[in-house]
Amino acid sequence: MDFALDDEQALLVATLRRWSEKQLRAWAAEADRAAAAPAQLWKSAGELGLMVDAVPEAAGGLLDGDYSHLARALRGYELGRGCAAMAALVESNVEPALAVARWGSAAARDSLFSALGAGRLAGFAHDFYERLAVTADARGGLAVSGRLGPLPGLAAASHVLVSARAGERPVVFLLAVPAGRAAPATPSGWRAAAWGSLALERFEVAPEMVLGGAAVEEILAWYRVSLAARGLGVAAAAIEYAAAYAEDRIQFGQPIGRFQSLARMRDSNQTAIAAARAYVLQAAWEIDRGAAGAADTASRARDLAAEVVSRATIEAVQIHGGYGFVNDFPVEKLMRDARAFEVLGGNEAFARVLAQTTSSRGGA
Amino acid sequence: MDIMHGDPMFGAAHQMMHALAEKEIRPIAEKHDREESMPWDLMKKVRAFGLGQSAMLEARRIAGDEDAEGEKKPSRGGRLAVVGVEELAWGCAGIALAIGGSSLAAAPVGRIGNEEQKQVFKAALKGEDEKGRVKVAAMALSEPQTGSDISSLATTARKDGNHWVLRGHKQWITNGHSASVYVVWAQTDPSLGRAGVRGFIVERGTPGLIPGRKETKLGIRASETAQVHFEDCRVHQDMMLGGPGPSEGLGDTKKMLDSTRPAVGAQAVGIARAAFEYLLERVRGGTLRGTPLGGHQHVAFALAEMEMEIHASRLLVHRAAWMADHRMDNVSFASMSKAHAARTAQLVTTRAMALLGEEALEPGHPVEKWYRDAKIYDIFEGTGQIQRRIIAKNLTGVNAI
């Protein structure tokens with residue numbers, strides 16, 4: 001067992017930490033206000049090779065060999081420390097790219113990779129609450145009705161990888177977003193993440209866009225680890241800001257961080273973040289090794305991380321007091337940003353309960 | 001109602017306020033949250049039928065002083081206030097604060113102001129301001145360096161002839177940008193410590209009174225919060241609350257907080273109930289994996305937990321208000337009611353969002369708004385930490401740090 005980062009990982013962390021602190025944090029407040037990421041994000045992320053790192057080299061991307069989910073988790077944490085919304089955009093292409101490369105038809109690969117190569121965006125949606133009605137036709141295609149989203153990136157996306165249920169059967173398909181059909185939306189959190197929703201009325205998905213044999217749980221594991229890592233980055237940023245504030249802010253003749261209740265609040269959050277981060281990295285490591293329990297570890301890690309980021313951001317605002325409630329300080333944004341980590345793709349605690357009480361395997 | 005509210009008056013107040021919240025407040029809540037604007041039209045409308053018409057009356061009610069029949073008879077004002085504001089906050093906490101925000105300033109005037117000061121304050125709130133809006137008042141106490149520790153104010157009042165000259169900056173002031181009259185707290189004599197802090201009535205337009213920028217906030221966005229600056233602002237000595245002699249000064253303010261805290265807790269209960277009811281509706285109508293949502297323990301027990309916490313919070317709020325009405329020492333119960341309700345509002349809104357799933361990320365979703373609104377209840381009017389200090393000191397006699 002070795003907990004040390006190798007040289008490549010250490011370089012990745014150092015590079016992204018610098019980028020995240022210098023760029024993402026500098027852009028975050030204005031991007032939040034304007035509900036749009038700055039144009040420099042795409043250029044800058046592109047230069048770092050972040051947008052097509054999961055696209056195979058042969059298809060115009062940067063992926064040579066196996067994708068490292070451990071590297072992605074390390075990166076997600078750093079991006080989350082910068083800005084949740086921009087982190088979501090930067091991470092958005094990974095699930096569609098990996099799933100389509102692995103299970104997609106030649107047509108699906110062409111469609112997605114040519115778009116990503118041209119600088120377009122893709123996203124992933126898991127229909128946990130069964131809001132989509134999906135029926136299979138005789139040719140192996142699908143008809144999809146319902147509303148997809150709101151989903152980060154959808155307003156700017158050319159493709160969405162969708163995980164849903166056709167009756168009892170899980171299905172995964174690549175949906176090419178008809179130009180101009182996604183309705184932009186601006187929720188309260190991740191405001192700069194180009195949210196959108198798409199109304200579908202018996203929308204036809206061609207057979208070659210259905211990813212036959214795709215392992216939903218595996219895709220979800222990638223997604224959960226990424227969400228968890230980014231969420232913990234947000235949690236870490238919140239507590240970093242709160243700790244700094246608590247040292248500066250004097251009330252009753254001493255820095256408020258010296259009051260035991262606030263010291264403990266900061267301290268237990270730091271413990272929770274460190275523990276959850278280690279668990280998320282373990283999940284990513286298991287995925288990379290193809291370990292049998294990897295999907296389950298990923299789900300547990302996300303369950304834990306969602307709780308940690310929720311509590312950390314709420315308590316970071318609490319430590320800031322009245323300043324935490326106004327947008328002069330960054331933590332009120334982080335409290336808004338925290339929610340999506342808990343609910344995107346379904347509530348993880350609920351998902352775990354369902355998995356353990358309805359499957360014959362009994363989970364774990 | 002419950003055991004403490006057999007009086008039909010409480011039921012009538014509840015009904016009236018609920019109707020107002022449902023018909024007038026709910027429909028405009030999303031808009032004012034999104035625009036971060038005060039509901040001036042509604043404020044005018046509710047003033048026309050008596051609500052908030054005289055912030056002074058409100059203050060006396062909260063202070064428990066309104067009964068003409070004599071001091072022995074218990075007041076009903078505290079309980080009326082908590083029953084009413086729970087409903088208003090159920091509609092929208094920000095709008096409830098916009099409607100009731102002036103009472104923060106009216107409370108000290110009603111309690112320690114003399115007749116002349118009360119007349120000046122009342123007159124300053126009559127009619128409409130230059131923009132045709134209802135006139136509002138602001139209580140200016142908190143400062144950039146003075147949040148929880150209200151005895152260390154940096155704003156000073158220096159005596160100059162018949163006037164006091166105010167200098168300093170105030171922060172997080174409700175109605176701070178738009179008020180027609182301010183109650184400003186300043187240090188008149190640092191050697192007296194807390195007793196040197198006195199309140200002054202200052203009317204808008206007084207030279208040196210400079211309303212500052214409005215804050216962009218996480219929640220309660222329909223209620224205006226702003227900075228206020230005092231640059232050699234001259235106030236006549238007659239406008240010092242409590243008169244020229246020695247006064248309890250800030251001690252009065254602390255007492256005031258004991259009577260207003262249950263009403264603040266009641267607002268948090270209103271937010272929690274709103275989120276709970278929304279979730280309950282969804283659960284009643286939904287199914288998942290072929291089972292009604294309410295048939296999933298994961299969801300059903302969460303509802304049960306919320307129901308327990310909301311009722312427990314409300315009982316504490318009503319108990320603290322009942323004690324105030326009976327002129328009993330309610331310091332600890334006032335703090336417990338406020339702290340418990342704040343925690344409940346945060347728990348319920350957070351959990352409700354998690355259970356609603358992606359739906360709660362829809363722009364303008366009410367539960368997401370209530371999640372943002374709830375947070376301030378653990379911060380303003382004494383943070384959760386300050387409340388626990390008070391409760392603990394009541395138990396141990398020691399100030400815990």
# chains A, B, ... in the order shown; residues from 1 in each chain; ligands from 1
call {"tool": "residues_around", "arguments": {"residues": "range 259-269 of chain B", "least_positions_apart": "3", "cutoff": "9 Å", "atoms": "only C-alpha atoms", "output": "CSV table (one decimal) with N, CA, C and O atoms, in the first residue's frame"}}
result
chain,number,residue,atom,x,y,z
B,62,ILE,N,-45.3,43.2,21.1
B,62,ILE,CA,-44.2,42.3,21.3
B,62,ILE,C,-43.7,42.5,22.7
B,62,ILE,O,-43.4,41.5,23.5
B,63,ALA,N,-43.6,43.7,23.2
B,63,ALA,CA,-43.1,44.0,24.5
B,63,ALA,C,-44.1,43.6,25.6
B,63,ALA,O,-43.7,43.6,26.7
B,64,GLY,N,-45.3,43.3,25.2
B,64,GLY,CA,-46.3,42.9,26.1
B,64,GLY,C,-46.9,44.0,26.9
B,64,GLY,O,-47.4,43.8,28.0
B,78,GLY,N,-47.4,38.5,22.6
B,78,GLY,CA,-46.3,37.7,22.2
B,78,GLY,C,-46.8,36.4,21.5
B,78,GLY,O,-46.2,36.1,20.4
B,79,ARG,N,-47.9,35.9,22.0
B,79,ARG,CA,-48.4,34.7,21.3
B,79,ARG,C,-49.1,35.0,19.9
B,79,ARG,O,-48.9,34.3,19.0
B,81,ALA,N,-48.1,37.4,18.0
B,81,ALA,CA,-47.0,37.6,17.1
B,81,ALA,C,-46.5,36.3,16.5
B,81,ALA,O,-46.3,36.2,15.3
B,82,VAL,N,-46.2,35.3,17.4
B,82,VAL,CA,-45.6,34.1,16.9
B,82,VAL,C,-46.6,33.3,16.0
B,82,VAL,O,-46.2,32.7,15.0
B,83,VAL,N,-47.9,33.4,16.3
B,83,VAL,CA,-48.9,32.7,15.5
B,83,VAL,C,-48.9,33.4,14.1
B,83,VAL,O,-48.9,32.7,13.1
B,84,GLY,N,-48.9,34.7,14.1
B,84,GLY,CA,-49.0,35.5,12.9
B,84,GLY,C,-47.8,35.3,12.0
B,84,GLY,O,-47.9,35.0,10.8
B,85,VAL,N,-46.6,35.5,12.6
B,85,VAL,CA,-45.4,35.6,11.7
B,85,VAL,C,-45.0,34.2,11.2
B,85,VAL,O,-44.4,34.1,10.2
B,86,GLU,N,-45.4,33.1,11.9
B,86,GLU,CA,-45.2,31.8,11.4
B,86,GLU,C,-45.9,31.7,10.0
B,86,GLU,O,-45.3,31.2,9.0
B,87,GLU,N,-47.1,32.2,10.0
B,87,GLU,CA,-47.8,32.1,8.7
B,87,GLU,C,-47.2,33.0,7.6
B,87,GLU,O,-47.1,32.6,6.5
B,88,LEU,N,-46.8,34.2,8.0
B,88,LEU,CA,-46.2,35.1,7.0
B,88,LEU,C,-44.9,34.5,6.4
B,88,LEU,O,-44.7,34.6,5.2
B,89,ALA,N,-44.1,34.0,7.3
B,89,ALA,CA,-42.9,33.4,6.9
B,89,ALA,C,-43.1,32.1,6.1
B,89,ALA,O,-42.3,31.7,5.2
B,90,TRP,N,-44.2,31.4,6.4
B,90,TRP,CA,-44.6,30.3,5.6
B,90,TRP,C,-44.9,30.7,4.1
B,90,TRP,O,-44.5,30.1,3.2
B,93,ALA,N,-40.3,34.3,3.9
B,93,ALA,CA,-39.7,34.9,5.1
B,93,ALA,C,-39.1,36.3,4.7
B,93,ALA,O,-39.2,37.3,5.5
B,96,ALA,N,-42.1,38.6,4.7
B,96,ALA,CA,-42.5,38.8,6.1
B,96,ALA,C,-41.6,39.8,6.8
B,96,ALA,O,-42.1,40.7,7.5
B,104,LEU,N,-38.5,46.4,14.2
B,104,LEU,CA,-37.2,46.3,14.9
B,104,LEU,C,-36.8,47.6,15.5
B,104,LEU,O,-36.3,47.7,16.6
B,255,LYS,N,-32.9,43.1,26.5
B,255,LYS,CA,-34.3,42.7,26.9
B,255,LYS,C,-35.2,42.5,25.8
B,255,LYS,O,-36.0,41.6,25.7
B,256,MET,N,-35.1,43.5,24.9
B,256,MET,CA,-35.9,43.5,23.7
B,256,MET,C,-35.7,42.2,22.9
B,256,MET,O,-36.7,41.6,22.4
B,272,ALA,N,-39.7,26.0,7.7
B,272,ALA,CA,-39.6,24.6,7.8
B,272,ALA,C,-40.9,23.9,7.3
B,272,ALA,O,-40.9,23.0,6.6
B,273,ARG,N,-42.0,24.5,7.8
B,273,ARG,CA,-43.3,23.9,7.5
B,273,ARG,C,-43.6,24.0,6.0
B,273,ARG,O,-44.1,23.1,5.4
B,274,ALA,N,-43.2,25.1,5.4
B,274,ALA,CA,-43.4,25.3,4.0
B,274,ALA,C,-42.7,24.2,3.2
B,274,ALA,O,-43.3,23.6,2.3
B,310,ILE,N,-40.5,20.0,13.7
B,310,ILE,CA,-41.3,21.2,13.5
B,310,ILE,C,-42.2,21.4,14.7
B,310,ILE,O,-42.3,22.5,15.2
B,311,HIS,N,-42.9,20.3,15.1
B,311,HIS,CA,-43.8,20.5,16.3
B,311,HIS,C,-43.0,20.8,17.6
B,311,HIS,O,-43.4,21.7,18.4
B,313,SER,N,-40.2,22.4,17.7
B,313,SER,CA,-39.7,23.8,17.6
B,313,SER,C,-40.9,24.8,17.9
B,313,SER,O,-40.7,25.8,18.6
B,314,ARG,N,-42.1,24.5,17.3
B,314,ARG,CA,-43.2,25.4,17.6
B,314,ARG,C,-43.6,25.4,19.0
B,314,ARG,O,-43.9,26.5,19.6
B,316,LEU,N,-41.6,25.1,21.6
B,316,LEU,CA,-40.7,25.9,22.3
B,316,LEU,C,-40.9,27.4,22.0
B,316,LEU,O,-40.9,28.2,22.9
B,317,VAL,N,-41.3,27.7,20.8
B,317,VAL,CA,-41.6,29.1,20.4
B,317,VAL,C,-42.8,29.6,21.2
B,317,VAL,O,-42.8,30.7,21.8
B,318,HIS,N,-43.8,28.8,21.2
B,318,HIS,CA,-45.1,29.2,21.9
B,318,HIS,C,-44.9,29.3,23.4
B,318,HIS,O,-45.4,30.2,24.0
B,319,ARG,N,-44.1,28.4,23.9
B,319,ARG,CA,-43.8,28.4,25.3
B,319,ARG,C,-43.0,29.7,25.7
B,319,ARG,O,-43.3,30.4,26.7
B,320,ALA,N,-42.0,30.1,24.9
B,320,ALA,CA,-41.2,31.3,25.2
B,320,ALA,C,-42.1,32.5,25.0
B,320,ALA,O,-42.0,33.4,25.8
B,321,ALA,N,-43.0,32.5,24.1
B,321,ALA,CA,-43.9,33.7,23.9
B,321,ALA,C,-44.9,33.7,25.0
B,321,ALA,O,-45.2,34.8,25.5
B,324,ALA,N,-43.3,35.3,28.0
B,324,ALA,CA,-43.2,36.7,27.8
B,324,ALA,C,-44.5,37.4,28.1
B,324,ALA,O,-44.6,38.4,28.8
B,330,ASN,N,-37.9,34.7,30.5
B,330,ASN,CA,-37.9,33.7,29.4
B,330,ASN,C,-36.6,33.7,28.7
B,330,ASN,O,-36.5,33.1,27.5
B,331,VAL,N,-35.5,34.2,29.3
B,331,VAL,CA,-34.3,34.3,28.6
B,331,VAL,C,-33.8,33.0,27.9
B,331,VAL,O,-33.6,32.9,26.7
B,333,PHE,N,-35.6,30.2,27.4
B,333,PHE,CA,-36.6,29.7,26.5
B,333,PHE,C,-36.6,30.5,25.2
B,333,PHE,O,-36.8,29.9,24.1
B,334,ALA,N,-36.4,31.8,25.3
B,334,ALA,CA,-36.3,32.6,24.1
B,334,ALA,C,-35.2,32.1,23.2
B,334,ALA,O,-35.3,31.9,22.0
B,335,SER,N,-34.0,31.9,23.8
B,335,SER,CA,-32.9,31.4,23.1
B,335,SER,C,-33.1,30.0,22.5
B,335,SER,O,-32.7,29.7,21.4
B,336,MET,N,-33.7,29.1,23.4
B,336,MET,CA,-33.9,27.7,22.9
B,336,MET,C,-34.9,27.7,21.7
B,336,MET,O,-34.7,27.0,20.8
B,337,SER,N,-35.9,28.6,21.8
B,337,SER,CA,-36.9,28.5,20.8
B,337,SER,C,-36.3,29.0,19.4
B,337,SER,O,-36.5,28.4,18.4
B,338,LYS,N,-35.4,30.0,19.5
B,338,LYS,CA,-34.8,30.6,18.3
B,338,LYS,C,-33.8,29.6,17.7
B,338,LYS,O,-33.8,29.3,16.5
B,339,ALA,N,-32.9,29.1,18.6
B,339,ALA,CA,-31.9,28.2,18.1
B,339,ALA,C,-32.4,26.9,17.6
B,339,ALA,O,-32.0,26.4,16.6
B,340,HIS,N,-33.4,26.4,18.3
B,340,HIS,CA,-34.0,25.1,17.8
B,340,HIS,C,-34.7,25.2,16.5
B,340,HIS,O,-34.6,24.4,15.6
B,341,ALA,N,-35.5,26.3,16.4
B,341,ALA,CA,-36.3,26.5,15.2
B,341,ALA,C,-35.3,26.8,14.0
B,341,ALA,O,-35.6,26.3,12.9
B,342,ALA,N,-34.2,27.5,14.2
B,342,ALA,CA,-33.2,27.7,13.2
B,342,ALA,C,-32.6,26.4,12.7
B,342,ALA,O,-32.5,26.2,11.5
B,343,ARG,N,-32.3,25.5,13.6
B,343,ARG,CA,-31.8,24.3,13.2
B,343,ARG,C,-32.8,23.4,12.5
B,343,ARG,O,-32.5,22.8,11.5
B,344,THR,N,-34.0,23.5,12.9
B,344,THR,CA,-35.1,22.7,12.3
B,344,THR,C,-35.3,23.2,10.8
B,344,THR,O,-35.4,22.4,9.9
B,345,ALA,N,-35.3,24.5,10.6
B,345,ALA,CA,-35.5,25.1,9.3
B,345,ALA,C,-34.4,24.6,8.4
B,345,ALA,O,-34.6,24.3,7.2
B,346,GLN,N,-33.1,24.6,8.9
B,346,GLN,CA,-32.0,24.2,8.0
B,346,GLN,C,-32.1,22.7,7.7
B,346,GLN,O,-31.9,22.2,6.6
B,373,ASP,N,-33.3,30.9,2.5
B,373,ASP,CA,-33.9,31.8,3.5
B,373,ASP,C,-33.6,31.3,4.9
B,373,ASP,O,-33.4,32.1,5.8
B,374,ALA,N,-33.5,30.0,5.1
B,374,ALA,CA,-33.5,29.4,6.4
B,374,ALA,C,-32.2,29.8,7.1
B,374,ALA,O,-32.1,29.9,8.3
B,377,TYR,N,-31.6,32.5,9.9
B,377,TYR,CA,-32.2,32.3,11.2
B,377,TYR,C,-31.2,31.8,12.2
B,377,TYR,O,-31.4,31.9,13.4
B,381,GLU,N,-30.1,38.2,14.8
B,381,GLU,CA,-30.8,38.3,16.1
B,381,GLU,C,-30.1,37.3,17.1
B,381,GLU,O,-30.8,36.7,17.9
B,382,GLY,N,-28.8,37.2,17.0
B,382,GLY,CA,-28.0,36.3,17.9
B,382,GLY,C,-27.8,35.0,17.2
B,382,GLY,O,-28.7,34.3,16.9
call {"tool": "closest_atom_pairs", "arguments": {"of": "chain A", "to": "chain B", "cutoff": "7 Å", "atoms": "only C-alpha atoms", "output": "Markdown table"}}
result
| residue | atom | partner | partner_atom | distance |
| --- | --- | --- | --- | --- |
| A:Tyr129 | CA | B:Leu288 | CA | 6.8 |
| A:Pro150 | CA | B:Glu362 | CA | 6.4 |
| A:Ala185 | CA | B:Pro363 | CA | 6.6 |
| A:Thr186 | CA | B:Pro363 | CA | 5.7 |
| A:Pro187 | CA | B:Pro363 | CA | 4.0 |
| A:Ser188 | CA | B:Pro363 | CA | 6.5 |
| A:Gln251 | CA | B:Asp149 | CA | 5.6 |
| A:Phe252 | CA | B:Asp149 | CA | 5.7 |
| A:Phe259 | CA | B:Ile401 | CA | 5.3 |
| A:Gln260 | CA | B:Ile401 | CA | 6.3 |
| A:Gln318 | CA | B:Ile379 | CA | 6.8 |
| A:Gly321 | CA | B:Ile379 | CA | 5.7 |
| A:Gly322 | CA | B:Ile379 | CA | 6.4 |
| A:Phe325 | CA | B:Leu218 | CA | 5.4 |
| A:Val326 | CA | B:Lys217 | CA | 4.3 |
| A:Asn327 | CA | B:Thr216 | CA | 5.7 |
| A:Glu332 | CA | B:Leu218 | CA | 5.8 |
| A:Glu342 | CA | B:Ala354 | CA | 6.3 |
| A:Val343 | CA | B:Gly357 | CA | 4.7 |
| A:Leu344 | CA | B:Glu358 | CA | 5.8 |
| A:Gly346 | CA | B:Gly357 | CA | 5.7 |
| A:Asn347 | CA | B:Gly357 | CA | 6.1 |
| A:Phe350 | CA | B:His298 | CA | 6.6 |
call {"tool": "residues_around", "arguments": {"residues": "Val134 in chain A", "least_positions_apart": "5", "cutoff": "6 Å", "atoms": "only C-alpha atoms", "output": "PDB file with N, CA, C and O atoms, in the first residue's frame"}}
result
ATOM      1  N   ALA A 143     -37.895   5.177 -28.139  1.00  0.00           N
ATOM      2  CA  ALA A 143     -38.683   6.407 -28.197  1.00  0.00           C
ATOM      3  C   ALA A 143     -38.713   6.977 -26.787  1.00  0.00           C
ATOM      4  O   ALA A 143     -39.033   6.273 -25.828  1.00  0.00           O
ATOM      5  N   VAL A 144     -38.335   8.245 -26.651  1.00  0.00           N
ATOM      6  CA  VAL A 144     -38.170   8.851 -25.330  1.00  0.00           C
ATOM      7  C   VAL A 144     -39.111  10.042 -25.185  1.00  0.00           C
ATOM      8  O   VAL A 144     -39.140  10.934 -26.035  1.00  0.00           O
ATOM      9  N   ALA A 166     -36.127   1.366 -19.614  1.00  0.00           N
ATOM     10  CA  ALA A 166     -37.192   1.043 -20.555  1.00  0.00           C
ATOM     11  C   ALA A 166     -37.978  -0.067 -19.886  1.00  0.00           C
ATOM     12  O   ALA A 166     -37.572  -1.224 -19.922  1.00  0.00           O
TER      13      ALA A 166
END
call {"tool": "residues_around", "arguments": {"residues": "Phe301 in chain B", "least_positions_apart": "5", "cutoff": "12 Å", "atoms": "only C-alpha atoms", "output": "mmCIF file with C-alpha atoms, in the first residue's frame"}}
result
data_model
loop_
_atom_site.group_PDB
_atom_site.id
_atom_site.type_symbol
_atom_site.label_atom_id
_atom_site.label_comp_id
_atom_site.auth_asym_id
_atom_site.auth_seq_id
_atom_site.Cartn_x
_atom_site.Cartn_y
_atom_site.Cartn_z
ATOM 1 C CA LEU B 280 -45.337 15.862 1.565
ATOM 2 C CA VAL B 283 -44.558 12.146 -1.736
ATOM 3 C CA LEU B 293 -43.023 7.195 -2.496
ATOM 4 C CA GLY B 294 -44.716 7.239 0.900
ATOM 5 C CA GLY B 295 -44.269 3.477 1.041
ATOM 6 C CA HIS B 296 -40.485 3.859 1.055
ATOM 7 C CA MET B 306 -39.458 16.592 10.059
ATOM 8 C CA GLU B 307 -42.937 16.494 11.609
ATOM 9 C CA MET B 308 -41.415 15.836 15.041
ATOM 10 C CA ARG B 351 -33.298 17.141 3.656
ATOM 11 C CA LEU B 355 -35.267 13.907 -1.314
#
call {"tool": "select_by_dssp", "arguments": {"residues": "range 104-144 of chain B", "states": "helix (DSSP H, G or I)", "output": "MDAnalysis selection string"}}
result
chainID B and resid 104:112 115:125
call {"tool": "closest_residue", "arguments": {"among": "A:Val353, A:Leu262, A:Val210, A:Leu161", "to": "His126 in chain A", "atoms": "only C-alpha atoms"}}
result
A:Leu161
call {"tool": "residues_around", "arguments": {"residues": "range 190-207 of chain B", "least_positions_apart": "3", "cutoff": "10 Å", "atoms": "only C-alpha atoms", "output": "count of residues only"}}
result
60
call {"tool": "atom_distance", "arguments": {"atom1": "CA of Phe203 in chain A", "atom2": "CA of Ala183 in chain A"}}
result
16.0 Å
call {"tool": "closest_residue", "arguments": {"among": "B:Gly101, B:Gly270, B:Gly11, B:Pro244", "to": "Trp370 in chain B", "atoms": "only C-alpha atoms"}}
result
B:Gly270
call {"tool": "residues_around", "arguments": {"residues": "Leu227 in chain A", "least_positions_apart": "4", "cutoff": "7 Å", "atoms": "only C-alpha atoms", "output": "MDAnalysis selection string"}}
result
chainID A and resid 223 231 341
call {"tool": "select_by_dssp", "arguments": {"residues": "range 159-332 of chain B", "states": "strand (DSSP E or B)", "output": "PyMOL selection string"}}
result
chain B and resi 159-160+163-174+181-187+197-203+209-214+217+225-236+240+287-288+291-292
call {"tool": "atom_distance", "arguments": {"atom1": "CA of Pro330 in chain A", "atom2": "CA of Arg18 in chain A"}}
result
18.4 Å
